[in-house]
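Peer 1: What follows is a single structure, and I will ask about it in a moment.
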Amino acid sequence: MDRATLVGLDKQHVWHPYTAMEQYIAKTDPLVVVRAEGVWLHDADGQRYLDANGSWWVSTLGHRHPRLVHALTEQLGSLAHVSLAGITHGPAARLGEELTAIAPGADRADVPAGQKLSRVFYSDNGSTAVEVAIKMAAQYWAQNGRPRRTRFITLTGAFHGETIGATSVGGVHEFRDVFGPLLFDVVHVPSPAEPDGHARALAQVKAALAQDPDGIAGVILEPVIQGAAGMWMSSPDFVREVREATRAVDTFLIADEVFTGMGRTGARFAVDLAGVVPDLLCLAKALSGGLLPFAATLASERIFQGFLGAKDRALYYGHSYCGNPLGAAVAREVLAVYRDEDVLGQVQRKAPRVKAAFERMAATLPGLVRPRAVGMVGAVDLGGGGYFADSGWRVYEAARRRGLYLRPMGNTVYIAPALNIPDADLDLLLSGVEDSLREVAAG
């Protein structure tokens with residue numbers, strides 16, 4: 001089918017995420033991607049575009065990594081899907097062992113057995129991984145002597161997913177306000193990424209815990225980087241200090257590492273930068289290398305033990321495809337590639353180049369503010385206007401003309417490419433971003 005026909009069908013039938021559809025239908029000439037390989041997207045016009053955002057942060061090993069494709073096709077030859085309700089299969093069981101072996105604190109003798117992340121609950125995506133954590137925390141307290149613990153503390157600018165529970169603990173107003181009547185009550189505190197925000201955020205977390213220690217089921221954080229807020233970044237010290245505050249009142253810390261996990265920051269998990277072991281850890285996106293929807297929620301042994309006993313103490317939650325053999329097999333191979341190709345070492349070597357490039361752009365180009373970088377994430381703001389600003393989309397168009405797919409967040413222009421991006425392609429990406437910003441800033 002030719003490109004024009006495909007675009008016509010798309011505009012007639014497809015409802016796109018995070019897209020103003022009237023404008024899209026009337027004005028947008030979309031990329032029509034027909035193939036992807038490594039860090040490159042190939043379109044129906046024969047052009048190629050460097051994928052600067054890892055296709056919404058999932059392709060941390062590039063598109064169609066040959067080892068992942070092989071693991072998928074090999075697993076497909078024996079078992080594509082079976083329910084995980086009361087039965088099991090090899091990929092899910094072996095992945096559980098491997099995830100708990102690399103979990104934060106797994107190799108630390110100073111972490112008590114009850115605090116180890118020793119249990120894995122599978123689901124479909126980042127939103128459901130967070131939903132699982134919310135339900136685990138709430139049900140644990142309900143059936144273990146603290147039934148008033150139903151509220152969560154969350155950050156301004158937080159994004160934890162699209163389901164109602166995950167939206168409730170979110171803090172990006174553009175994504176949650178319209179659903180206000182449907183959401184449960186949470187305690188919002190300032191983001192530590194705001195100017196002078198660290199001290200204010202920590203003080204308000206401690207105040208909320210002190211004011212109602214029997215009512216707070218947990219604190220949920222995107223550690224170090226709040227992605228959807230606009231790549232807001234803060235010190236790992238904040239995570240450590242919040243962990244200490246939750247320990248003081250014996251409530252839970254939930255680490256949403258759907259974006260930051262699996263090496264994005266240069267550590268395996270962002271909480272590792274703080275030396276922290278959370279009670280619940282949410283993973284998705286990079287976990288399956290961009291091949292399949294797949295997610296996991298790691299829980300402490302203490303939480304797991306709180307669900308043992310009579311049948312009505314079980315966690316009655318699940319999805320048809322949770323722990324599916326295809327996703328689990330691919331996730332196991334993702335972990336193997338990280339080991340064999342020293343992916344964390346690659347990030348640590350490349351991260352200084354990303355940081356230096358964004359600092360140089362802000363220092364030399366007019367109108368750019370707040371350069372920031374952690375690991376393989378670099379970001380800068382082009383003026384004001386927030387999420388609905390047009391400035392970032394002007395950069396998007398300039399980048400597209402240069403062969404880059406650079407989806408912004410309002411006035412925030414950022415990169416989050418594959419962690420194993422070749423050095424030459426990283427140079428091409430950074431120079432293309434700078435040239436695109438220069439074009440828009442000059443205009």
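We name chains A, B, ... following the order of the structure tokens; residues begin at 1 in each chain, and ligands are numbered from 1 as shown.
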What's around Ser234 (chain A) at 6 Å? Count only C-alpha atoms, leave out sequence neighbours fewer than 3 positions away in its own chain, and write the answer as a ChimeraX atom specification.

Peer 2: /A:192-193,224

Peer 1: What are the DSSP strand (DSSP E) residues of region 251-441 of chain A, as a PyMOL selection string?

Peer 2: chain A and resi 252-256+280-283+295-300+368-374+377-382+404-405+412-415

Peer 1: Could you save those same residues with N, CA, C and O atoms as a compact mmCIF listing (two decimals), in the first residue's frame?

Peer 2:
```txt
# COMPACT_ATOMS: atom_id res chain seq x y z
N PHE A 252 6.19 2.40 53.50
CA PHE A 252 6.86 1.87 52.33
C PHE A 252 7.39 2.98 51.41
O PHE A 252 6.79 4.05 51.29
N LEU A 253 8.49 2.65 50.74
CA LEU A 253 9.01 3.47 49.65
C LEU A 253 8.84 2.69 48.36
O LEU A 253 9.33 1.56 48.23
N ILE A 254 8.14 3.29 47.40
CA ILE A 254 7.94 2.70 46.08
C ILE A 254 8.80 3.44 45.08
O ILE A 254 8.66 4.67 44.91
N ALA A 255 9.70 2.74 44.42
CA ALA A 255 10.56 3.33 43.40
C ALA A 255 10.01 2.99 42.02
O ALA A 255 10.01 1.82 41.62
N ASP A 256 9.52 4.00 41.33
CA ASP A 256 9.04 3.82 39.96
C ASP A 256 10.24 4.00 39.03
O ASP A 256 10.62 5.11 38.69
N LEU A 280 9.24 -1.57 47.19
CA LEU A 280 8.65 -1.99 45.93
C LEU A 280 9.37 -1.28 44.80
O LEU A 280 9.68 -0.08 44.91
N LEU A 281 9.65 -1.99 43.72
CA LEU A 281 10.40 -1.44 42.58
C LEU A 281 9.66 -1.80 41.31
O LEU A 281 9.39 -2.98 41.05
N CYS A 282 9.32 -0.79 40.50
CA CYS A 282 8.53 -0.99 39.28
C CYS A 282 9.44 -0.91 38.05
O CYS A 282 10.17 0.06 37.89
N LEU A 283 9.33 -1.91 37.18
CA LEU A 283 10.14 -1.97 35.96
C LEU A 283 9.25 -2.23 34.76
O LEU A 283 8.27 -2.97 34.85
N ALA A 295 6.33 -6.10 32.02
CA ALA A 295 6.66 -5.32 33.20
C ALA A 295 6.81 -6.23 34.41
O ALA A 295 6.35 -7.38 34.41
N ALA A 296 7.44 -5.69 35.45
CA ALA A 296 7.61 -6.44 36.69
C ALA A 296 7.59 -5.48 37.86
O ALA A 296 8.10 -4.36 37.77
N THR A 297 7.00 -5.94 38.96
CA THR A 297 7.04 -5.22 40.22
C THR A 297 7.76 -6.11 41.23
O THR A 297 7.31 -7.21 41.53
N LEU A 298 8.90 -5.63 41.71
CA LEU A 298 9.68 -6.38 42.69
C LEU A 298 9.23 -5.95 44.09
O LEU A 298 9.11 -4.76 44.36
N ALA A 299 9.00 -6.93 44.95
CA ALA A 299 8.50 -6.66 46.30
C ALA A 299 9.43 -7.27 47.33
O ALA A 299 10.07 -8.31 47.09
N SER A 300 9.48 -6.62 48.49
CA SER A 300 10.30 -7.14 49.58
C SER A 300 9.70 -8.43 50.13
O SER A 300 8.50 -8.70 49.99
N LEU A 368 18.10 29.47 25.68
CA LEU A 368 18.12 28.15 26.27
C LEU A 368 18.43 28.26 27.77
O LEU A 368 19.34 28.98 28.17
N VAL A 369 17.67 27.53 28.58
CA VAL A 369 17.86 27.58 30.03
C VAL A 369 17.82 26.17 30.60
O VAL A 369 17.34 25.24 29.98
N ARG A 370 18.34 26.04 31.81
CA ARG A 370 18.30 24.81 32.61
C ARG A 370 18.88 23.59 31.89
O ARG A 370 18.22 22.56 31.76
N PRO A 371 20.12 23.68 31.39
CA PRO A 371 20.71 22.47 30.84
C PRO A 371 20.89 21.44 31.96
O PRO A 371 21.26 21.78 33.08
N ARG A 372 20.64 20.18 31.67
CA ARG A 372 20.73 19.15 32.68
C ARG A 372 20.97 17.80 32.00
O ARG A 372 20.54 17.58 30.87
N ALA A 373 21.65 16.96 32.72
CA ALA A 373 21.96 15.63 32.17
C ALA A 373 22.29 14.67 33.29
O ALA A 373 22.95 15.04 34.27
N VAL A 374 21.81 13.45 33.15
CA VAL A 374 22.18 12.33 34.00
C VAL A 374 22.27 11.10 33.11
O VAL A 374 21.32 10.80 32.37
N VAL A 377 20.66 10.73 29.46
CA VAL A 377 19.56 11.68 29.30
C VAL A 377 20.13 13.08 29.35
O VAL A 377 20.82 13.44 30.30
N GLY A 378 19.83 13.87 28.33
CA GLY A 378 20.20 15.28 28.31
C GLY A 378 19.00 16.11 27.94
O GLY A 378 18.17 15.69 27.11
N ALA A 379 18.84 17.29 28.57
CA ALA A 379 17.66 18.12 28.32
C ALA A 379 18.01 19.58 28.48
O ALA A 379 18.95 19.95 29.20
N VAL A 380 17.22 20.42 27.82
CA VAL A 380 17.33 21.87 27.95
C VAL A 380 15.97 22.46 27.63
O VAL A 380 15.18 21.87 26.88
N ASP A 381 15.65 23.61 28.23
CA ASP A 381 14.37 24.27 27.97
C ASP A 381 14.59 25.44 27.03
O ASP A 381 15.56 26.20 27.16
N LEU A 382 13.66 25.60 26.11
CA LEU A 382 13.71 26.70 25.14
C LEU A 382 12.62 27.68 25.52
O LEU A 382 11.45 27.51 25.17
N LEU A 404 16.63 13.52 12.20
CA LEU A 404 16.50 13.12 13.59
C LEU A 404 15.02 13.04 13.97
O LEU A 404 14.24 13.91 13.59
N TYR A 405 14.66 12.00 14.73
CA TYR A 405 13.34 11.94 15.34
C TYR A 405 13.51 12.38 16.78
O TYR A 405 14.03 11.64 17.62
N THR A 412 10.55 21.67 26.40
CA THR A 412 11.72 20.88 26.77
C THR A 412 12.16 20.02 25.60
O THR A 412 11.38 19.22 25.07
N VAL A 413 13.42 20.21 25.21
CA VAL A 413 14.03 19.39 24.17
C VAL A 413 15.00 18.45 24.87
O VAL A 413 15.85 18.89 25.65
N TYR A 414 14.88 17.16 24.60
CA TYR A 414 15.71 16.20 25.32
C TYR A 414 16.09 15.04 24.42
O TYR A 414 15.50 14.82 23.36
N ILE A 415 17.09 14.30 24.85
CA ILE A 415 17.44 13.05 24.20
C ILE A 415 17.46 11.94 25.25
O ILE A 415 17.82 12.17 26.41
```

Peer 1: Interatomic distance between CA of Val239 (chain A) and CA of Phe304 (chain A)?

Peer 2: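 Answer for the CA of Val239 (chain A) to CA of Phe304 (chain A) separation: 23.3 Å.
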
Peer 1: Determine the nearest neighbour of Leu61 (chain A) from the options A:Ile153, A:Val39, A:Ala270, A:Leu84, counting only C-alpha atoms.

Peer 2: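 The closest residue to Leu61 (chain A) is A:Val39.
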
Peer 1: Have a look at CA of Glu434 (chain A) and CA of Val347 (chain A) and let me know their distance in Å, one decimal.

Peer 2: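 Pair CA of Glu434 (chain A) / CA of Val347 (chain A) returns 20.7 Å.
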
Peer 1: How far is it from CA of Pro278 (chain A) to CA of Gln115 (chain A), in Å with one decimal?

Peer 2: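 Going from CA of Pro278 (chain A) over to CA of Gln115 (chain A) covers 8.1 Å.
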
Peer 1: What are the nearest atom pairs, with distances in Å to one decimal, for all residues of region 379-418 of chain A that come at most 12 Å from region 62-82 of chain A, using only C-alpha atoms, set out by chain and rising residue number as JSON lines?

Peer 2:
```
{"residue": "A:Ala416", "atom": "CA", "partner": "A:Gly62", "partner_atom": "CA", "distance": 11.5}
{"residue": "A:Pro417", "atom": "CA", "partner": "A:Gly62", "partner_atom": "CA", "distance": 8.2}
{"residue": "A:Ala418", "atom": "CA", "partner": "A:Gly62", "partner_atom": "CA", "distance": 5.2}
```

Peer 1: Let's see if you can do this: from backbone DSSP, list all alpha helix (DSSP H) residues in region 247-374 of chain A, as a short mmCIF file (atom, residue, chain, number, x, y, z; two decimals) with C-alpha atoms, in the first residue's frame.

Peer 2:
```cif
data_model
loop_
_atom_site.label_atom_id
_atom_site.label_comp_id
_atom_site.auth_asym_id
_atom_site.auth_seq_id
_atom_site.Cartn_x
_atom_site.Cartn_y
_atom_site.Cartn_z
CA ARG A 247 11.91 3.91 57.78
CA ALA A 248 11.38 6.22 60.78
CA VAL A 249 7.60 5.66 60.66
CA GLU A 301 10.08 -10.46 51.39
CA ARG A 302 8.25 -8.67 54.22
CA ILE A 303 5.48 -7.55 51.88
CA PHE A 304 5.19 -11.01 50.34
CA GLN A 305 4.92 -12.65 53.76
CA PRO A 325 6.70 -16.63 27.98
CA LEU A 326 7.66 -14.46 25.03
CA GLY A 327 8.20 -11.34 27.12
CA ALA A 328 9.98 -13.23 29.88
CA ALA A 329 12.33 -14.92 27.42
CA VAL A 330 13.19 -11.60 25.81
CA ALA A 331 13.69 -9.94 29.20
CA ARG A 332 16.13 -12.69 30.19
CA GLU A 333 18.09 -12.02 27.02
CA VAL A 334 18.03 -8.27 27.72
CA LEU A 335 19.74 -8.96 31.06
CA ALA A 336 22.28 -11.16 29.30
CA VAL A 337 23.07 -8.49 26.72
CA TYR A 338 23.56 -5.93 29.48
CA ARG A 339 26.13 -8.26 31.06
CA ASP A 340 27.90 -9.37 27.90
CA VAL A 343 25.94 -1.64 28.73
CA LEU A 344 26.36 0.14 32.07
CA GLY A 345 30.00 0.80 31.26
CA GLN A 346 28.99 2.21 27.88
CA VAL A 347 26.61 4.65 29.57
CA GLN A 348 29.23 5.75 32.07
CA ARG A 349 31.72 6.43 29.26
CA LYS A 350 29.25 8.36 27.08
CA ALA A 351 27.43 10.32 29.78
CA PRO A 352 30.07 13.07 30.13
CA ARG A 353 29.74 13.83 26.39
CA VAL A 354 25.99 14.24 26.72
CA LYS A 355 26.36 16.52 29.73
CA ALA A 356 29.06 18.66 28.10
CA ALA A 357 27.05 19.03 24.89
CA PHE A 358 23.91 20.31 26.62
CA GLU A 359 25.88 22.68 28.83
CA ARG A 360 27.63 24.06 25.73
CA MET A 361 24.31 24.55 23.92
CA ALA A 362 22.85 26.52 26.82
CA ALA A 363 25.98 28.62 27.14
CA THR A 364 26.24 29.53 23.47
#
```

Peer 1: Which residue is closest to Asp51 (chain A)? Choose from A:Ala442, A:Leu426, A:Ala20, A:Leu155 and count only C-alpha atoms.

Peer 2: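 Among the listed residues, A:Leu426 lies closest to Asp51 (chain A).
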
Peer 1: Measuring atom to atom with only C-alpha atoms, identify which of A:Ile220, A:Val242, A:Ala142, A:Ala158 is nearest to Pro190 (chain A).

Peer 2: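 Distance minimum relative to Pro190 (chain A) lands on A:Ala158.
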
Peer 1: Between A:His13, A:Arg240, A:Lys206, A:His173, which is the closest to Phe388 (chain A) once you count only C-alpha atoms?

Peer 2: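 Under the stated criterion, the closest residue is A:His173.
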
Peer 1: Quick one: everything within 12 Å of Leu9 (chain A), counting only C-alpha atoms, minus sequence neighbours fewer than 6 positions away in the same chain. Send it as a PyMOL selection string.

Peer 2: chain A and resi 1-3+15+25+32

Peer 1: For Gly318 (chain A), which of A:Ser288, A:Thr19, A:Asn411, A:Thr128 is the closest residue, counting only C-alpha atoms?

Peer 2: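 Under the stated criterion, the closest residue is A:Thr128.
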